Each structure stands twice: as C-alpha cells, then as structure tokens.
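Asks: Take a look at this one; I'll ask things after.
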Amino acid sequence: MSADPAGWELVNPNRGGYSVIEATNWYSYVSNNPVKYYVDPTGKVSWVVQNGKCIDRRGYEKKPSGSNNPPSGGGSWGGGRTSRTSHRRRMNPKEATFVHEVLGNQGFLAMRTVRIRRASGGRASAMPWGTISSRSVDYNNPMGSNYGRNSLIHEAFHQVQYSSKNGAFLKLVEEQILKIFGKDVYASGNYKITSIAQYSDLDSMSYLEAQAQMVGDFGELYYTAKYTTTPLSQIKKDALQEMSRIMKASGYESEATRWVDANFS
Ligand SMILES: [Zn+2]
C-alpha cells in the first residue's frame with residue numbers, strides 16, 4: 001500500500017486522541033447497556049442498533065424513509081426526519097472484532113468511521129465517505145454467513161483503500177465500467193480461478209477489486225479454518241497460506257496472519 005503521510009495519518013488509530021482503548025470501551029459500553037438512551041461519545045450518533053432495529057435516543061424505533069407510521073411504543077418521529085441515514089449503523093462488536101482480526105490495526109480505521117447501511121438491492125458496496133451498503137440479510141447479521149463475512153471484509157478493505165490510496169474511488173468506478181465491458185476485475189485475487197502464488201503483494205494485482213476480493217476470501221477462509229469444523233480442501237489451505245503471505249507483504253499483519261502461520265506452516 002501507499003505509505004504517503006496522509007495515508008498513515010488516516011489509518012493511525014490514535015488520530016485525534018481517539019485511542020484503541022476508547023474504541024474498546026465504546027463497544028463494551030454498548031454491549032453492557034441494553035440501550036434505551038445512548039449518545040455516542042463522538043457526538044455523531046444518537047441512536048444504536050438493538051435486536052436489528054435502529055433505536056433513537058428517546059427509545060423509539062427509527063423507520064425507513066417514507067414511513068408515516070408512528071413509532072412503536074407511542075410518540076412521534078420528531079418532525080419526521082427519518083431518512084435512510086437512520087438505517088445506518090456502526091459495526092457491532094462481533095463484526096468489528098472480526099475486521100480487526102483480519103485487517104490488523106488498519107481495521108481500526110474502518111471500525112471508527114464506517115457506517116453500515118441497508119442496501120435496497122442485492123449488492124454490497126463501499127462509498128468513500130465511510131458507508132458500506134449491505135444486503136438486507138447481511139445488514140441484520142453479516143457474521144451469519146460466509147457471504148456476509150466475506151462481503152464485510154471486502155467492503156471494509158475498500159474503506160482502507162479509500163484512506164490509503166489517492167484516486168481509489170475513481171479507479172473502482174473505472175473498474176466497474178471495465179466489468180460492464182467483460183473484463184473480470186475480480187479474478188486475479190480469486191483463488192478459485194487463478195493461482196495467487198504469483199503475486200508478491202496486493203499492489204502487484206492490477207485491480208483494486210481483485211485486491212479486495214482476495215482480502216475478503218482470506219477473511220472467509222480464515223474464519224472457516226479457525227472457527228468451524230468444515231475441513232479445508234488442499235487448494236484452499238494452500239490459498240490461505242499464500243493469502244496470509246500477501247497480507248503480511250502488504251503491511252497487514254494481523255491475528256489472522258499469525259494464526260495461519262502458527263497452524264499451517
Ligand atoms: Zn469491491
């Protein structure tokens with residue numbers, strides 16, 4: 001990845017006095033308090049997600065855009081400002097922990113700023129202003145399926161690309177256009193299609209999508225190997241080791257790369 005000063009400043013978890021410890025406290029605060037009333041210490045969030053619903057600071061459930069129904073439990077919507085923004089949420093502790101496990105300290109960048117939004121369509125995406133759009137089923141529980149975990153890491157990695165590479169968004173838009181014209185911009189990182197042993201690091205893959213694809217696959221294979229009883233095929237074991245090597249070579253040493261080194265070398 002690019003090591004320009006602005007990039008490193010952005011991924012520094014201690015930027016602006018917001019430390020790793022505070023990040024941890026934020027999540028324990030939420031998980032220790034069945035939330036009725038909650039204001040994020042950064043002042044940016046006045047609601048939380050509880051049982052899959054957005055609950056505002058008065059304890060009312062936020063409804064998606066266009067809803068005129070009164071909130072369950074009575075009261076009003078307070079001027080009806082129930083835009084789609086209210087269907088954004090922070091990562092929950094499980095998701096944030098997983099992102100940190102796979103992306104290492106760089107994952108704290110995503111953990112601090114990213115909001116997950118319920119997508120209207122079936123596709124996940126990441127926008128440079130810090131929003132990850134997620135399929136409805138994964139919005140409710142990205143950690144509930146292989147697809148959800150892979151997609152969470154893939155989109156979180158796009159956020160890392162936005163903060164560490166100038167022009168990443170335009171390059172990703174360009175890649176989507178190439179895809180329309182038949183270029184498989186995801187393939188070089190896809191161990192199912194192409195051997196990844198040829199790559200020295202993520203930047204040696206031509207496309208940012210291919211990089212994100214590999215990082216997402218790495219997260220998925222790591223999760224399967226460590227947390228499930230599903231045995232990995234030899235192809236997937238080999239791929240997991242190669243991916244771990246590529247992650248480290250690209251500056252993303254993490255709990256995941258250390259675990260793979262300890263268990264597969
Ligand atoms: Zn992508």
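Residues in the structure tokens are named by chain (A, B, ... in the order shown) and by number from 1 within that chain; ligands are numbered from 1 in the order shown.
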Once you count only C-alpha atoms and all ligand atoms, what closest atom pair and distance in Å to one decimal does each residue of chain A within 7 Å of ligand 1 have, with rows by chain and rising residue number, as a tab-separated table?
Replies:
```
residue	atom	partner	partner_atom_place_in_ligand_line	distance
A:Ser125	CA	ligand 1	1 (Zn)	6.4
A:His154	CA	ligand 1	1 (Zn)	6.1
A:Glu155	CA	ligand 1	1 (Zn)	6.1
A:His158	CA	ligand 1	1 (Zn)	6.6
A:Glu209	CA	ligand 1	1 (Zn)	4.9
A:Ala212	CA	ligand 1	1 (Zn)	5.8
A:Gln213	CA	ligand 1	1 (Zn)	6.7
```
Asks: Those residues with C-alpha atoms, as a short mmCIF file (atom, residue, chain, number, x, y, z; two decimals), in the first residue's frame please?
Replies:
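Saved file part-v6.cif follows:
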```
data_model
loop_
_atom_site.label_atom_id
_atom_site.label_comp_id
_atom_site.auth_asym_id
_atom_site.auth_seq_id
_atom_site.Cartn_x
_atom_site.Cartn_y
_atom_site.Cartn_z
CA SER A 125 -20.73 -1.61 -1.93
CA HIS A 154 -14.23 -6.93 1.21
CA GLU A 155 -16.09 -3.66 1.77
CA HIS A 158 -12.35 -0.73 0.20
CA GLU A 209 -11.36 -5.10 -6.84
CA ALA A 212 -10.50 -6.59 -2.09
CA GLN A 213 -11.68 -9.93 -3.43
#
```
Asks: Would you kindly return, as a list of chain:residue names, each protein, DNA or RNA residue with an atom no farther than 9 Å from any atom of A:Val185, considering only C-alpha atoms and excluding same-chain residues fewer than 5 positions away?
Replies: A:Glu175, A:Gln176, A:Leu178, A:Lys179, A:Ser206, A:Tyr207, A:Leu208, A:Glu209, A:Ala210
Asks: Just the selected residues (N, CA and C atoms), exported as a PDB file, in the first residue's frame, please.
Replies:
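Written output follows (again27.pdb):
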```pdb
ATOM      1  N   GLU A 175     -13.103   0.480 -12.832  1.00  0.00           N
ATOM      2  CA  GLU A 175     -13.097  -0.987 -12.873  1.00  0.00           C
ATOM      3  C   GLU A 175     -14.510  -1.545 -13.073  1.00  0.00           C
ATOM      4  N   GLN A 176     -15.508  -0.867 -12.479  1.00  0.00           N
ATOM      5  CA  GLN A 176     -16.888  -1.323 -12.696  1.00  0.00           C
ATOM      6  C   GLN A 176     -17.296  -1.145 -14.156  1.00  0.00           C
ATOM      7  N   LEU A 178     -15.115  -1.255 -16.699  1.00  0.00           N
ATOM      8  CA  LEU A 178     -14.409  -2.339 -17.403  1.00  0.00           C
ATOM      9  C   LEU A 178     -15.180  -3.651 -17.268  1.00  0.00           C
ATOM     10  N   LYS A 179     -15.764  -3.835 -16.085  1.00  0.00           N
ATOM     11  CA  LYS A 179     -16.512  -5.072 -15.839  1.00  0.00           C
ATOM     12  C   LYS A 179     -17.729  -5.164 -16.771  1.00  0.00           C
ATOM     13  N   SER A 206      -3.514  -6.144 -10.571  1.00  0.00           N
ATOM     14  CA  SER A 206      -3.809  -4.955 -11.383  1.00  0.00           C
ATOM     15  C   SER A 206      -4.992  -4.150 -10.855  1.00  0.00           C
ATOM     16  N   TYR A 207      -5.959  -4.836 -10.269  1.00  0.00           N
ATOM     17  CA  TYR A 207      -7.206  -4.151  -9.946  1.00  0.00           C
ATOM     18  C   TYR A 207      -7.452  -4.069  -8.443  1.00  0.00           C
ATOM     19  N   LEU A 208      -8.005  -2.935  -8.026  1.00  0.00           N
ATOM     20  CA  LEU A 208      -8.353  -2.771  -6.604  1.00  0.00           C
ATOM     21  C   LEU A 208      -9.436  -3.773  -6.207  1.00  0.00           C
ATOM     22  N   GLU A 209     -10.331  -4.099  -7.142  1.00  0.00           N
ATOM     23  CA  GLU A 209     -11.365  -5.095  -6.839  1.00  0.00           C
ATOM     24  C   GLU A 209     -10.747  -6.470  -6.593  1.00  0.00           C
ATOM     25  N   ALA A 210      -9.726  -6.793  -7.380  1.00  0.00           N
ATOM     26  CA  ALA A 210      -9.071  -8.085  -7.186  1.00  0.00           C
ATOM     27  C   ALA A 210      -8.438  -8.153  -5.797  1.00  0.00           C
TER      28      ALA A 210
END
```
Asks: Which residue is closest to A:Gln198? Choose from A:Met243, A:Val102, A:Tyr223, A:Leu232 and count only C-alpha atoms.
Replies: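 Result for the nearest residue to A:Gln198: A:Met243.
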Asks: What does the structure give for the distance between atom CA of A:Ala96 and atom CA of A:Ala239, in Å to one decimal?
Replies: 24.4 Å
Asks: Rounded to one decimal in Å, what is the spacing between atom CA of A:Ile193 and atom CA of A:Arg123?
Replies: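 So the answer is 21.4 Å.
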Asks: Using only C-alpha atoms, which of the listed residues (A:Gly104, A:Gly167, A:Pro93, A:Gly122) sits closest to A:Met143?
Replies: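 Ranking A:Gly104, A:Gly167, A:Pro93, A:Gly122 by distance to A:Met143, first place goes to A:Pro93.
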Asks: Using DSSP secondary structure from the backbone, list all alpha helix (DSSP H) positions within stretch 76-161 of chain A, as an MDAnalysis selection string.
Replies: chainID A and resid 93:103 107:113 136:140 146:161
Asks: Please produce a file of the residues just selected, as a tab-separated table (two decimals), in the first residue's frame, where the atoms kept are C-alpha atoms.
Replies:
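Output (selection.tsv):
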```tsv
chain	number	residue	atom	x	y	z
A	93	PRO	CA	-18.65	-5.76	18.40
A	94	LYS	CA	-18.58	-9.13	16.61
A	95	GLU	CA	-18.12	-7.54	13.21
A	96	ALA	CA	-15.57	-5.02	14.46
A	97	THR	CA	-13.57	-7.74	16.20
A	98	PHE	CA	-13.53	-9.80	13.01
A	99	VAL	CA	-12.44	-6.85	10.87
A	100	HIS	CA	-9.63	-6.20	13.34
A	101	GLU	CA	-8.63	-9.87	13.36
A	102	VAL	CA	-8.33	-9.97	9.58
A	103	LEU	CA	-7.07	-6.48	8.72
A	107	GLY	CA	-9.08	-2.33	10.69
A	108	PHE	CA	-9.47	0.23	13.47
A	109	LEU	CA	-9.81	2.86	10.79
A	110	ALA	CA	-12.89	1.13	9.44
A	111	MET	CA	-14.15	0.42	12.93
A	112	ARG	CA	-14.03	4.05	13.93
A	113	THR	CA	-15.69	5.67	10.96
A	136	SER	CA	-30.73	-6.68	3.96
A	137	VAL	CA	-29.96	-10.15	5.25
A	138	ASP	CA	-26.34	-9.21	5.93
A	139	TYR	CA	-27.23	-5.83	7.38
A	140	ASN	CA	-29.01	-7.70	10.12
A	146	ASN	CA	-19.81	-16.96	4.66
A	147	TYR	CA	-21.10	-14.46	2.12
A	148	GLY	CA	-21.76	-11.88	4.81
A	149	ARG	CA	-18.32	-12.24	6.39
A	150	ASN	CA	-16.55	-12.18	3.04
A	151	SER	CA	-18.53	-9.13	1.98
A	152	LEU	CA	-17.92	-7.31	5.29
A	153	ILE	CA	-14.14	-7.73	4.95
A	154	HIS	CA	-14.23	-6.93	1.21
A	155	GLU	CA	-16.09	-3.66	1.77
A	156	ALA	CA	-14.09	-2.76	4.88
A	157	PHE	CA	-10.97	-3.18	2.75
A	158	HIS	CA	-12.35	-0.73	0.20
A	159	GLN	CA	-12.53	1.77	3.05
A	160	VAL	CA	-8.86	1.12	3.77
A	161	GLN	CA	-8.12	1.66	0.05
```
